[in-house]
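What follows is run_26.txt (compact mmCIF, C-alpha atoms).
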# COMPACT_ATOMS: atom_id res chain seq x y z
CA MET A 20 -9.20 19.25 -50.24
CA GLN A 21 -9.92 20.36 -53.78
CA GLN A 22 -10.99 23.79 -52.49
CA VAL A 23 -7.79 24.05 -50.43
CA ALA A 24 -5.71 23.15 -53.50
CA GLU A 25 -7.46 25.76 -55.63
CA ARG A 26 -7.05 28.53 -53.06
CA ALA A 27 -3.36 27.69 -52.48
CA GLY A 28 -2.69 27.32 -56.19
CA VAL A 29 -1.22 23.85 -55.79
CA SER A 30 -2.14 20.32 -56.79
CA LEU A 31 -4.52 18.07 -54.89
CA ALA A 32 -1.65 15.62 -54.42
CA LEU A 33 0.40 18.28 -52.64
CA VAL A 34 -2.48 19.05 -50.25
CA SER A 35 -2.67 15.35 -49.46
CA LEU A 36 1.07 15.26 -48.71
CA VAL A 37 0.80 18.24 -46.37
CA MET A 38 -2.21 16.82 -44.52
CA ARG A 39 -0.35 13.54 -44.03
CA GLN A 40 2.63 15.53 -42.72
CA ALA A 41 4.90 14.06 -45.38
CA PRO A 42 8.49 15.36 -45.09
CA ASN A 43 9.18 15.93 -48.82
CA VAL A 44 7.36 19.29 -49.07
CA SER A 45 9.09 22.68 -48.98
CA ASP A 46 8.31 24.97 -46.03
CA TYR A 47 6.97 27.62 -48.42
CA ARG A 48 4.49 25.36 -50.19
CA ARG A 49 3.49 23.67 -46.92
CA GLN A 50 2.62 27.08 -45.47
CA LEU A 51 0.57 27.98 -48.56
CA VAL A 52 -1.55 24.88 -47.99
CA LEU A 53 -1.90 25.41 -44.25
CA ASP A 54 -2.91 29.05 -44.71
CA ALA A 55 -5.55 28.07 -47.27
CA ALA A 56 -6.86 25.30 -45.04
CA GLU A 57 -7.14 27.66 -42.07
CA HIS A 58 -8.97 30.28 -44.14
CA LEU A 59 -11.48 27.68 -45.36
CA GLY A 60 -11.87 26.02 -41.95
CA TYR A 61 -10.73 22.70 -43.37
CA ARG A 62 -9.88 19.74 -41.14
CA PRO A 63 -8.62 16.41 -42.47
CA ASN A 64 -11.16 13.60 -42.37
CA VAL A 65 -9.23 11.37 -40.00
CA LEU A 66 -11.92 8.67 -40.03
CA ALA A 67 -11.85 8.29 -43.80
CA ARG A 68 -8.06 8.27 -43.84
CA ASN A 69 -7.94 5.62 -41.14
CA LEU A 70 -10.50 3.42 -42.87
CA ALA A 71 -8.31 3.46 -45.96
CA SER A 72 -5.24 2.39 -43.95
CA ARG A 73 -7.22 -0.06 -41.77
CA ARG A 74 -5.76 1.64 -38.70
CA THR A 75 -7.35 4.25 -36.45
CA ASN A 76 -4.20 5.08 -34.46
CA THR A 77 -6.28 4.97 -31.29
CA ILE A 78 -6.00 2.93 -28.11
CA GLY A 79 -9.01 2.43 -25.85
CA VAL A 80 -8.50 2.28 -22.08
CA VAL A 81 -11.14 0.73 -19.84
CA LEU A 82 -10.73 1.82 -16.20
CA ASN A 83 -12.46 -0.17 -13.48
CA ASP A 84 -13.07 2.99 -11.43
CA ILE A 85 -12.36 6.42 -12.87
CA HIS A 86 -12.51 7.91 -9.34
CA ASN A 87 -9.58 5.81 -8.08
CA PRO A 88 -6.34 7.85 -8.37
CA PHE A 89 -4.38 4.65 -9.03
CA PHE A 90 -6.04 4.28 -12.42
CA ALA A 91 -5.71 7.96 -13.22
CA GLU A 92 -1.96 7.71 -12.65
CA ILE A 93 -1.70 4.66 -14.93
CA ILE A 94 -3.29 6.83 -17.61
CA ASP A 95 -0.31 9.21 -17.35
CA GLY A 96 2.01 6.44 -18.50
CA ILE A 97 -0.40 5.26 -21.19
CA GLN A 98 -0.85 8.80 -22.52
CA ALA A 99 2.89 9.52 -22.58
CA ALA A 100 3.77 6.31 -24.43
CA SER A 101 0.87 6.75 -26.86
CA ASP A 102 1.87 10.35 -27.63
CA GLU A 103 5.40 9.23 -28.39
CA ALA A 104 4.10 6.60 -30.81
CA GLY A 105 1.58 8.92 -32.48
CA TYR A 106 -1.52 7.27 -31.02
CA ARG A 107 -4.58 8.87 -29.46
CA VAL A 108 -6.12 7.57 -26.23
CA LEU A 109 -9.83 7.06 -25.58
CA ILE A 110 -10.87 6.51 -21.96
CA GLY A 111 -13.92 4.61 -20.71
CA ASN A 112 -15.21 4.13 -17.17
CA GLY A 113 -16.21 0.59 -16.24
CA LYS A 114 -18.19 1.91 -13.24
CA ARG A 115 -16.73 -0.76 -10.95
CA SER A 116 -18.81 -3.50 -12.55
CA PRO A 117 -18.03 -6.36 -14.95
CA SER A 118 -20.99 -5.41 -17.14
CA GLY A 119 -19.86 -1.76 -17.30
CA GLU A 120 -16.37 -2.84 -18.35
CA ALA A 121 -17.71 -5.22 -21.00
CA GLU A 122 -19.93 -2.44 -22.36
CA MET A 123 -16.91 -0.13 -22.76
CA VAL A 124 -14.92 -2.88 -24.50
CA GLU A 125 -17.77 -3.35 -26.98
CA THR A 126 -17.95 0.42 -27.55
CA PHE A 127 -14.23 0.57 -28.32
CA LEU A 128 -14.52 -2.38 -30.69
CA GLN A 129 -17.24 -0.50 -32.56
CA PHE A 130 -14.87 2.47 -32.81
CA ARG A 131 -12.32 0.10 -34.41
CA VAL A 132 -9.52 0.99 -31.96
CA ASP A 133 -6.16 -0.62 -32.69
CA GLY A 134 -5.86 -1.92 -29.15
CA ILE A 135 -7.58 -1.96 -25.75
CA ILE A 136 -5.98 -1.76 -22.31
CA THR A 137 -8.07 -2.82 -19.33
CA ALA A 138 -6.93 -1.47 -15.94
CA GLY A 139 -8.12 -3.36 -12.87
CA ALA A 140 -10.82 -5.14 -14.85
CA THR A 141 -13.15 -7.55 -13.05
CA MET A 142 -15.04 -8.81 -16.12
CA PRO A 143 -14.52 -12.48 -17.03
CA MET A 144 -11.26 -13.28 -18.75
CA SER A 145 -13.29 -15.02 -21.44
CA THR A 146 -14.82 -11.64 -22.38
CA ILE A 147 -11.35 -10.10 -22.75
CA GLU A 148 -10.08 -13.05 -24.77
CA ALA A 149 -13.11 -12.86 -27.07
CA ALA A 150 -12.37 -9.19 -27.72
CA SER A 151 -8.77 -10.08 -28.63
CA GLU A 152 -10.13 -11.74 -31.79
CA SER A 153 -10.95 -8.24 -33.06
CA THR A 154 -8.16 -6.08 -31.59
CA LYS A 155 -5.02 -6.22 -29.45
CA MET A 156 -5.74 -6.58 -25.73
CA VAL A 157 -3.57 -5.94 -22.66
CA VAL A 158 -4.62 -6.47 -19.04
CA VAL A 159 -3.11 -4.18 -16.38
CA GLY A 160 -3.34 -4.70 -12.62
CA ARG A 161 -4.69 -8.23 -12.86
CA SER A 162 -2.82 -11.52 -13.03
CA SER A 163 -3.31 -13.57 -16.17
CA ARG A 164 -2.04 -16.76 -17.76
CA SER A 165 -3.94 -16.29 -20.99
CA GLN A 166 -2.24 -17.55 -24.12
CA VAL A 167 -3.85 -14.92 -26.36
CA ILE A 168 -3.64 -11.63 -24.41
CA ASP A 169 -0.77 -9.81 -22.69
CA SER A 170 -0.68 -8.61 -19.09
CA VAL A 171 1.42 -6.40 -16.86
CA ASN A 172 0.98 -6.49 -13.12
CA THR A 173 2.69 -5.90 -9.79
CA ASP A 174 3.59 -8.90 -7.64
CA ASP A 175 0.75 -8.34 -5.16
CA VAL A 176 1.58 -11.34 -2.97
CA THR A 177 5.07 -9.95 -2.40
CA GLY A 178 3.67 -6.46 -1.88
CA ALA A 179 1.37 -7.66 0.89
CA ARG A 180 4.23 -9.54 2.52
CA LEU A 181 6.34 -6.37 2.51
CA ALA A 182 3.59 -4.58 4.44
CA VAL A 183 3.20 -7.32 7.04
CA ASP A 184 6.96 -7.85 7.42
CA TYR A 185 7.43 -4.17 8.15
CA LEU A 186 4.65 -4.02 10.73
CA VAL A 187 6.02 -7.12 12.47
CA GLU A 188 9.45 -5.48 12.47
CA LEU A 189 7.84 -2.55 14.30
CA GLY A 190 6.62 -4.94 16.98
CA HIS A 191 3.00 -5.41 15.89
CA ARG A 192 1.27 -8.78 16.23
CA ARG A 193 -2.43 -7.91 15.99
CA ILE A 194 -2.28 -6.92 12.32
CA ALA A 195 -5.63 -6.86 10.52
CA HIS A 196 -6.29 -6.67 6.79
CA ILE A 197 -8.95 -4.62 5.00
CA ASP A 198 -9.29 -6.47 1.73
CA GLY A 199 -10.47 -5.38 -1.70
CA GLY A 200 -13.42 -7.74 -2.02
CA THR A 201 -13.72 -9.03 -5.58
CA GLY A 202 -11.51 -6.28 -7.04
CA ALA A 203 -8.54 -7.09 -9.27
CA GLY A 204 -5.50 -7.92 -7.16
CA ALA A 205 -7.51 -8.28 -3.94
CA GLU A 206 -7.18 -12.05 -3.72
CA ALA A 207 -3.39 -11.96 -4.18
CA ARG A 208 -2.96 -9.25 -1.51
CA ARG A 209 -5.21 -11.19 0.85
CA ARG A 210 -3.16 -14.33 0.22
CA GLY A 211 0.14 -12.51 0.72
CA TYR A 212 -1.12 -11.10 4.03
CA SER A 213 -2.19 -14.53 5.31
CA GLN A 214 1.05 -16.20 4.20
CA ALA A 215 3.19 -13.54 5.86
CA MET A 216 1.22 -13.70 9.11
CA THR A 217 1.56 -17.50 9.16
CA ASP A 218 5.29 -17.34 8.44
CA HIS A 219 5.72 -15.00 11.42
CA GLY A 220 3.83 -17.43 13.67
CA LEU A 221 0.80 -15.16 13.80
CA SER A 222 -1.82 -17.34 12.13
CA ALA A 223 -4.04 -17.00 15.21
CA GLU A 224 -4.00 -13.22 14.74
CA ILE A 225 -5.25 -13.27 11.13
CA VAL A 226 -8.30 -11.01 10.85
CA THR A 227 -9.76 -9.83 7.55
CA ALA A 228 -12.47 -7.20 7.20
CA GLY A 229 -14.37 -6.92 3.93
CA GLY A 230 -13.66 -3.84 1.82
CA ASP A 231 -14.09 -2.84 -1.80
CA PHE A 232 -11.14 -0.58 -2.72
CA THR A 233 -13.12 2.57 -1.79
CA GLU A 234 -12.86 5.11 1.03
CA SER A 235 -16.32 4.22 2.33
CA GLY A 236 -15.43 0.53 2.23
CA GLY A 237 -12.29 1.22 4.25
CA TYR A 238 -14.25 3.33 6.73
CA HIS A 239 -16.86 0.62 7.39
CA ALA A 240 -14.24 -2.14 7.54
CA ALA A 241 -12.29 -0.15 10.14
CA SER A 242 -15.50 0.18 12.19
CA GLU A 243 -15.80 -3.59 12.17
CA LEU A 244 -12.21 -3.98 13.36
CA LEU A 245 -12.50 -1.36 16.10
CA ASN A 246 -15.61 -3.05 17.49
CA GLN A 247 -13.77 -6.29 18.13
CA SER A 248 -12.89 -7.18 21.72
CA SER A 249 -9.19 -7.11 20.86
CA ARG A 250 -8.72 -4.29 18.39
CA PRO A 251 -5.72 -4.44 16.06
CA THR A 252 -2.67 -2.30 16.66
CA ALA A 253 -2.00 -2.17 12.90
CA ILE A 254 -4.05 -2.36 9.72
CA PHE A 255 -2.87 -3.29 6.24
CA ALA A 256 -5.39 -1.92 3.72
CA ALA A 257 -5.68 -3.33 0.21
CA ASN A 258 -5.28 0.10 -1.39
CA ASP A 259 -4.68 3.75 -0.50
CA LEU A 260 -8.35 4.72 -0.75
CA SER A 261 -9.31 2.04 1.77
CA ALA A 262 -6.46 3.16 4.01
CA ALA A 263 -7.68 6.77 3.88
CA GLY A 264 -11.19 5.65 4.85
CA ALA A 265 -9.81 3.58 7.72
CA LEU A 266 -7.76 6.53 8.96
CA ASP A 267 -10.89 8.71 9.05
CA ARG A 268 -12.78 6.09 11.07
CA ILE A 269 -9.94 5.61 13.55
CA GLU A 270 -9.69 9.35 14.15
CA ASP A 271 -13.49 9.62 14.47
CA ALA A 272 -13.21 7.04 17.26
CA GLY A 273 -10.87 9.35 19.15
CA LEU A 274 -7.77 7.28 18.40
CA ALA A 275 -4.53 8.52 16.88
CA VAL A 276 -2.62 7.26 13.84
CA PRO A 277 0.00 5.90 14.27
CA ASP A 278 0.16 6.14 18.09
CA ASP A 279 -2.86 3.90 18.65
CA VAL A 280 -3.16 2.18 15.26
CA SER A 281 -0.60 2.02 12.48
CA ILE A 282 -1.84 1.93 8.88
CA VAL A 283 -0.21 0.69 5.67
CA GLY A 284 -1.89 1.17 2.30
CA TYR A 285 -1.20 -0.10 -1.21
CA ASP A 286 -0.53 1.67 -4.56
CA ASN A 287 1.50 4.75 -3.47
CA THR A 288 -0.82 7.14 -5.27
CA ALA A 289 -0.51 10.91 -5.05
CA LEU A 290 -3.11 10.67 -2.28
CA ALA A 291 -0.66 8.74 -0.08
CA ALA A 292 2.06 11.35 -0.56
CA MET A 293 -0.09 14.29 0.55
CA GLN A 294 1.53 15.93 3.56
CA HIS A 295 -1.49 15.78 5.87
CA LEU A 296 -1.92 12.04 5.13
CA SER A 297 1.68 10.86 4.63
CA LEU A 298 0.60 7.25 4.24
CA THR A 299 3.00 4.34 4.52
CA THR A 300 2.18 2.25 1.48
CA VAL A 301 3.34 -0.31 -1.07
CA ASN A 302 4.45 1.25 -4.34
CA GLN A 303 3.12 0.15 -7.69
CA PRO A 304 4.99 1.97 -10.49
CA ARG A 305 1.90 3.35 -12.21
CA ASP A 306 3.72 5.14 -15.03
CA GLU A 307 5.72 2.02 -15.86
CA LEU A 308 2.58 -0.15 -15.88
CA GLY A 309 0.94 2.20 -18.38
CA ARG A 310 3.99 2.50 -20.62
CA LEU A 311 4.54 -1.26 -20.73
CA ALA A 312 0.90 -1.86 -21.67
CA VAL A 313 1.17 0.48 -24.65
CA GLY A 314 4.47 -1.12 -25.64
CA PHE A 315 2.88 -4.56 -25.70
CA ILE A 316 0.10 -3.33 -28.01
CA LEU A 317 2.62 -1.71 -30.36
CA GLU A 318 4.68 -4.92 -30.50
CA ARG A 319 1.60 -6.82 -31.60
CA LEU A 320 0.62 -4.18 -34.16
CA ARG A 321 4.13 -4.32 -35.64
CA ASP A 322 3.94 -8.13 -35.83
CA GLU A 323 7.06 -8.35 -33.65
CA ARG A 324 5.64 -11.34 -31.76
CA THR A 325 2.57 -13.53 -31.49
CA ASP A 326 3.16 -15.24 -28.13
CA SER A 327 1.54 -13.69 -25.06
CA VAL A 328 3.69 -11.87 -22.49
CA HIS A 329 2.91 -11.69 -18.76
CA HIS A 330 5.17 -9.16 -17.09
CA MET A 331 5.40 -8.96 -13.28
CA ILE A 332 6.89 -5.88 -11.59
CA ALA A 333 8.44 -5.99 -8.12
CA PRO A 334 6.73 -3.73 -5.55
CA ALA A 335 8.52 -1.62 -2.91
CA LEU A 336 7.55 -0.35 0.52
CA VAL A 337 7.37 3.42 1.02
CA LYS A 338 7.66 4.37 4.68
CA ARG A 339 5.83 7.49 5.85
CA LYS A 340 4.10 8.76 8.99
CA THR A 341 1.10 6.44 9.45
CA SER A 342 3.18 3.59 10.88
CA SER A 343 5.32 3.50 14.01
CA ARG A 344 6.89 1.11 16.47
CA LEU A 345 4.53 -0.50 18.94
CA THR A 346 5.18 0.55 22.51
CA ALA A 347 5.60 -2.11 25.21
CA GLY A 348 2.29 -1.24 26.88
CA GLU A 349 0.31 -1.88 23.69
CA SER A 350 1.84 -5.23 22.76
CA THR A 351 -0.42 -7.44 24.87
Could I get this file's structure written as structure tokens?
Amino acid sequence: MQQVAERAGVSLALVSLVMRQAPNVSDYRRQLVLDAAEHLGYRPNVLARNLASRRTNTIGVVLNDIHNPFFAEIIDGIQAASDEAGYRVLIGNGKRSPSGEAEMVETFLQFRVDGIITAGATMPMSTIEAASESTKMVVVGRSSRSQVIDSVNTDDVTGARLAVDYLVELGHRRIAHIDGGTGAGAEARRRGYSQAMTDHGLSAEIVTAGGDFTESGGYHAASELLNQSSRPTAIFAANDLSAAGALDRIEDAGLAVPDDVSIVGYDNTALAAMQHLSLTTVNQPRDELGRLAVGFILERLRDERTDSVHHMIAPALVKRKTSSRLTAGEST
């Protein structure tokens, strides 16, 4: 900074003001400093500046699975809200394992981030709560009643019921569910499916095939369902990736979607909206989830509240081409 000041012919204090983007500097003198800095190849030492202010202006985001488009689309909302607030975003992949997620949380704590958002995390809640002693924590896509961390989630029980209600409305009775295994939100979607089937008098038709929120998991689960003596006429998959895998398996078996088997997914990712897939699905407002998570961290950083907040968003059904009315000949 001293070299920049000498080359620009200004004081060290003025260089500091320019580098901090202070408003009370004339355009002429600001340009002198910027030109000198560019000539010398100078970049502000952000780390040193942040250590002095005890803030890093960074938010760490731990994604359960970086390959799942649902999480990528949550990042869009996180990035937009962070940009507006002047924060940078660091992204870590939890590699679909509790230990991988915990490792990324520890890495972000070492980087002294101002807050951490976990998306679809499966690590123990105790690990997340322990991290909240060092930074602000928000859980996305997972229900929580913690008194020390915030959460934002979609009402997955209601979302599953929307899917089943719609398929029943189309005349389906043999409605199977490809679940998400131990993934975040899987239990609530499984419960919503079972409750809806029971409410429609279809408890005897409840069939669940094990999945894991991946395409391959959906493919293998669909194989299991198709091999049953009474194959389902409709499948509700726990997420869009599983639904895409199930669709591939059904078509590999020489069956047509939705003529032979209707499919409903969950998330309403960009994948579901692709023309050749056109997947009926349950919408989770990914951008809103991300923006709310950042907002909760900022509220904590500004000391606007100390009590935890658990925000639940209502889902909505998006009807596309993978679901259709059951014909009379298929209903028995």
Please check which residues have atoms at most 10 Å from (-8.1, 7.0, 16.1) in the file's coordinates, counting all atoms listed in the file, and write them as a ChimeraX atom specification.
-> /A:245,265-281
By how many Å are CA of Pro334 (chain A) and CA of Leu181 (chain A) apart?
->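 So the two atoms, CA of Pro334 (chain A) and CA of Leu181 (chain A), lie 8.5 Å apart.
Comparing A:Glu125, A:Asp174, A:Asp184, A:Glu206 by their smallest distance to Thr141 (chain A), the closest is A:Glu206 (using all atoms listed in the file).
In terms of minimum interatomic distance to Thr300 (chain A), A:Val183 ranks closest within A:His219, A:Val183, A:Thr252, A:Ile194, counting all atoms listed in the file.
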One-decimal distance in Å that lies between CA of Gly284 (chain A) and CA of His239 (chain A) =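 One can read the CA of His239 (chain A) to CA of Gly284 (chain A) distance as 15.8 Å.
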Would you list the residues near (-6.9, -2.3, -21.3) (no more than 10 Å away, in the coordinates of the file, using all atoms listed in the file) as a PyMOL selection string?
-> chain A and resi 78-83+97+110-111+120+124+134-140+147+155-160+169-170+309+312-313+316
Interatomic distance, CA of Ile93 (chain A) to CA of Thr173 (chain A) (Å, one decimal) |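 That distance, rounded to one decimal, is 12.5 Å.
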Nearest candidate to Ser116 (chain A) (options A:Asn287, A:Met331, A:Ala241, A:Asp231; using all atoms listed in the file) |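 Closest residue, counting all atoms listed in the file: A:Asp231.
Shell of Met142 (chain A) at 7 Å, with all atoms listed in the file counted and residues fewer than 6 places along the chain excluded, is Pro117, Ser118, Glu120 and Ala121 of chain A.
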Please return region 323-334 of chain A, rebuilt to all heavy atoms, as a PDB file, in the frame of the given file.
ATOM      1  N   GLU A 323       5.751  -7.988 -34.210  1.00  0.00           N
ATOM      2  CA  GLU A 323       7.060  -8.350 -33.650  1.00  0.00           C
ATOM      3  C   GLU A 323       6.998  -9.651 -32.869  1.00  0.00           C
ATOM      4  O   GLU A 323       8.029 -10.266 -32.601  1.00  0.00           O
ATOM      5  CB  GLU A 323       7.584  -7.217 -32.777  1.00  0.00           C
ATOM      6  CG  GLU A 323       7.878  -5.939 -33.565  1.00  0.00           C
ATOM      7  CD  GLU A 323       8.298  -4.788 -32.677  1.00  0.00           C
ATOM      8  OE1 GLU A 323       8.401  -4.988 -31.448  1.00  0.00           O
ATOM      9  OE2 GLU A 323       8.542  -3.688 -33.206  1.00  0.00           O
ATOM     10  N   ARG A 324       5.808 -10.059 -32.455  1.00  0.00           N
ATOM     11  CA  ARG A 324       5.640 -11.340 -31.760  1.00  0.00           C
ATOM     12  C   ARG A 324       4.169 -11.733 -31.795  1.00  0.00           C
ATOM     13  O   ARG A 324       3.294 -10.902 -32.018  1.00  0.00           O
ATOM     14  CB  ARG A 324       6.123 -11.244 -30.301  1.00  0.00           C
ATOM     15  CG  ARG A 324       5.354 -10.245 -29.470  1.00  0.00           C
ATOM     16  CD  ARG A 324       5.802 -10.228 -28.009  1.00  0.00           C
ATOM     17  NE  ARG A 324       5.160  -9.140 -27.289  1.00  0.00           N
ATOM     18  CZ  ARG A 324       3.943  -9.196 -26.799  1.00  0.00           C
ATOM     19  NH1 ARG A 324       3.229 -10.303 -26.927  1.00  0.00           N
ATOM     20  NH2 ARG A 324       3.414  -8.158 -26.176  1.00  0.00           N
ATOM     21  N   THR A 325       3.935 -13.013 -31.555  1.00  0.00           N
ATOM     22  CA  THR A 325       2.570 -13.530 -31.490  1.00  0.00           C
ATOM     23  C   THR A 325       2.289 -14.203 -30.139  1.00  0.00           C
ATOM     24  O   THR A 325       1.130 -14.355 -29.756  1.00  0.00           O
ATOM     25  CB  THR A 325       2.313 -14.547 -32.611  1.00  0.00           C
ATOM     26  OG1 THR A 325       3.303 -15.589 -32.537  1.00  0.00           O
ATOM     27  CG2 THR A 325       2.384 -13.872 -33.976  1.00  0.00           C
ATOM     28  N   ASP A 326       3.341 -14.608 -29.440  1.00  0.00           N
ATOM     29  CA  ASP A 326       3.160 -15.240 -28.130  1.00  0.00           C
ATOM     30  C   ASP A 326       2.774 -14.200 -27.085  1.00  0.00           C
ATOM     31  O   ASP A 326       3.232 -13.053 -27.126  1.00  0.00           O
ATOM     32  CB  ASP A 326       4.440 -15.950 -27.692  1.00  0.00           C
ATOM     33  CG  ASP A 326       4.796 -17.128 -28.593  1.00  0.00           C
ATOM     34  OD1 ASP A 326       3.875 -17.655 -29.239  1.00  0.00           O
ATOM     35  OD2 ASP A 326       5.983 -17.490 -28.653  1.00  0.00           O
ATOM     36  N   SER A 327       1.951 -14.617 -26.119  1.00  0.00           N
ATOM     37  CA  SER A 327       1.540 -13.690 -25.060  1.00  0.00           C
ATOM     38  C   SER A 327       2.684 -13.446 -24.082  1.00  0.00           C
ATOM     39  O   SER A 327       3.558 -14.299 -23.882  1.00  0.00           O
ATOM     40  CB  SER A 327       0.325 -14.249 -24.311  1.00  0.00           C
ATOM     41  OG  SER A 327       0.643 -15.485 -23.707  1.00  0.00           O
ATOM     42  N   VAL A 328       2.679 -12.265 -23.479  1.00  0.00           N
ATOM     43  CA  VAL A 328       3.690 -11.870 -22.490  1.00  0.00           C
ATOM     44  C   VAL A 328       2.967 -11.511 -21.196  1.00  0.00           C
ATOM     45  O   VAL A 328       1.968 -10.786 -21.216  1.00  0.00           O
ATOM     46  CB  VAL A 328       4.502 -10.658 -22.980  1.00  0.00           C
ATOM     47  CG1 VAL A 328       5.386 -10.114 -21.864  1.00  0.00           C
ATOM     48  CG2 VAL A 328       5.346 -11.036 -24.183  1.00  0.00           C
ATOM     49  N   HIS A 329       3.468 -12.011 -20.077  1.00  0.00           N
ATOM     50  CA  HIS A 329       2.910 -11.690 -18.760  1.00  0.00           C
ATOM     51  C   HIS A 329       4.037 -11.149 -17.887  1.00  0.00           C
ATOM     52  O   HIS A 329       4.866 -11.914 -17.393  1.00  0.00           O
ATOM     53  CB  HIS A 329       2.245 -12.914 -18.139  1.00  0.00           C
ATOM     54  CG  HIS A 329       1.164 -13.499 -18.985  1.00  0.00           C
ATOM     55  ND1 HIS A 329      -0.003 -12.813 -19.270  1.00  0.00           N
ATOM     56  CD2 HIS A 329       1.080 -14.681 -19.660  1.00  0.00           C
ATOM     57  CE1 HIS A 329      -0.775 -13.556 -20.049  1.00  0.00           C
ATOM     58  NE2 HIS A 329      -0.133 -14.685 -20.306  1.00  0.00           N
ATOM     59  N   HIS A 330       4.062  -9.838 -17.762  1.00  0.00           N
ATOM     60  CA  HIS A 330       5.170  -9.160 -17.090  1.00  0.00           C
ATOM     61  C   HIS A 330       4.794  -8.817 -15.646  1.00  0.00           C
ATOM     62  O   HIS A 330       3.755  -8.208 -15.399  1.00  0.00           O
ATOM     63  CB  HIS A 330       5.537  -7.882 -17.847  1.00  0.00           C
ATOM     64  CG  HIS A 330       6.790  -7.231 -17.364  1.00  0.00           C
ATOM     65  ND1 HIS A 330       8.032  -7.572 -17.833  1.00  0.00           N
ATOM     66  CD2 HIS A 330       6.994  -6.262 -16.444  1.00  0.00           C
ATOM     67  CE1 HIS A 330       8.954  -6.843 -17.235  1.00  0.00           C
ATOM     68  NE2 HIS A 330       8.343  -6.030 -16.368  1.00  0.00           N
ATOM     69  N   MET A 331       5.642  -9.216 -14.707  1.00  0.00           N
ATOM     70  CA  MET A 331       5.400  -8.960 -13.280  1.00  0.00           C
ATOM     71  C   MET A 331       6.454  -7.983 -12.769  1.00  0.00           C
ATOM     72  O   MET A 331       7.656  -8.188 -12.950  1.00  0.00           O
ATOM     73  CB  MET A 331       5.469 -10.263 -12.493  1.00  0.00           C
ATOM     74  CG  MET A 331       5.027 -10.137 -11.055  1.00  0.00           C
ATOM     75  SD  MET A 331       3.226 -10.091 -10.882  1.00  0.00           S
ATOM     76  CE  MET A 331       2.816 -11.826 -11.077  1.00  0.00           C
ATOM     77  N   ILE A 332       6.000  -6.913 -12.128  1.00  0.00           N
ATOM     78  CA  ILE A 332       6.890  -5.880 -11.590  1.00  0.00           C
ATOM     79  C   ILE A 332       7.012  -6.033 -10.080  1.00  0.00           C
ATOM     80  O   ILE A 332       6.023  -6.280  -9.386  1.00  0.00           O
ATOM     81  CB  ILE A 332       6.355  -4.474 -11.935  1.00  0.00           C
ATOM     82  CG1 ILE A 332       6.276  -4.283 -13.450  1.00  0.00           C
ATOM     83  CG2 ILE A 332       7.232  -3.390 -11.322  1.00  0.00           C
ATOM     84  CD1 ILE A 332       5.655  -2.971 -13.868  1.00  0.00           C
ATOM     85  N   ALA A 333       8.215  -5.870  -9.566  1.00  0.00           N
ATOM     86  CA  ALA A 333       8.440  -5.990  -8.120  1.00  0.00           C
ATOM     87  C   ALA A 333       7.952  -4.728  -7.410  1.00  0.00           C
ATOM     88  O   ALA A 333       8.258  -3.619  -7.828  1.00  0.00           O
ATOM     89  CB  ALA A 333       9.922  -6.207  -7.840  1.00  0.00           C
ATOM     90  N   PRO A 334       7.194  -4.884  -6.323  1.00  0.00           N
ATOM     91  CA  PRO A 334       6.730  -3.730  -5.550  1.00  0.00           C
ATOM     92  C   PRO A 334       7.811  -3.275  -4.571  1.00  0.00           C
ATOM     93  O   PRO A 334       8.834  -3.955  -4.396  1.00  0.00           O
ATOM     94  CB  PRO A 334       5.518  -4.283  -4.802  1.00  0.00           C
ATOM     95  CG  PRO A 334       5.884  -5.723  -4.571  1.00  0.00           C
ATOM     96  CD  PRO A 334       6.688  -6.158  -5.774  1.00  0.00           C
TER      97      PRO A 334
END
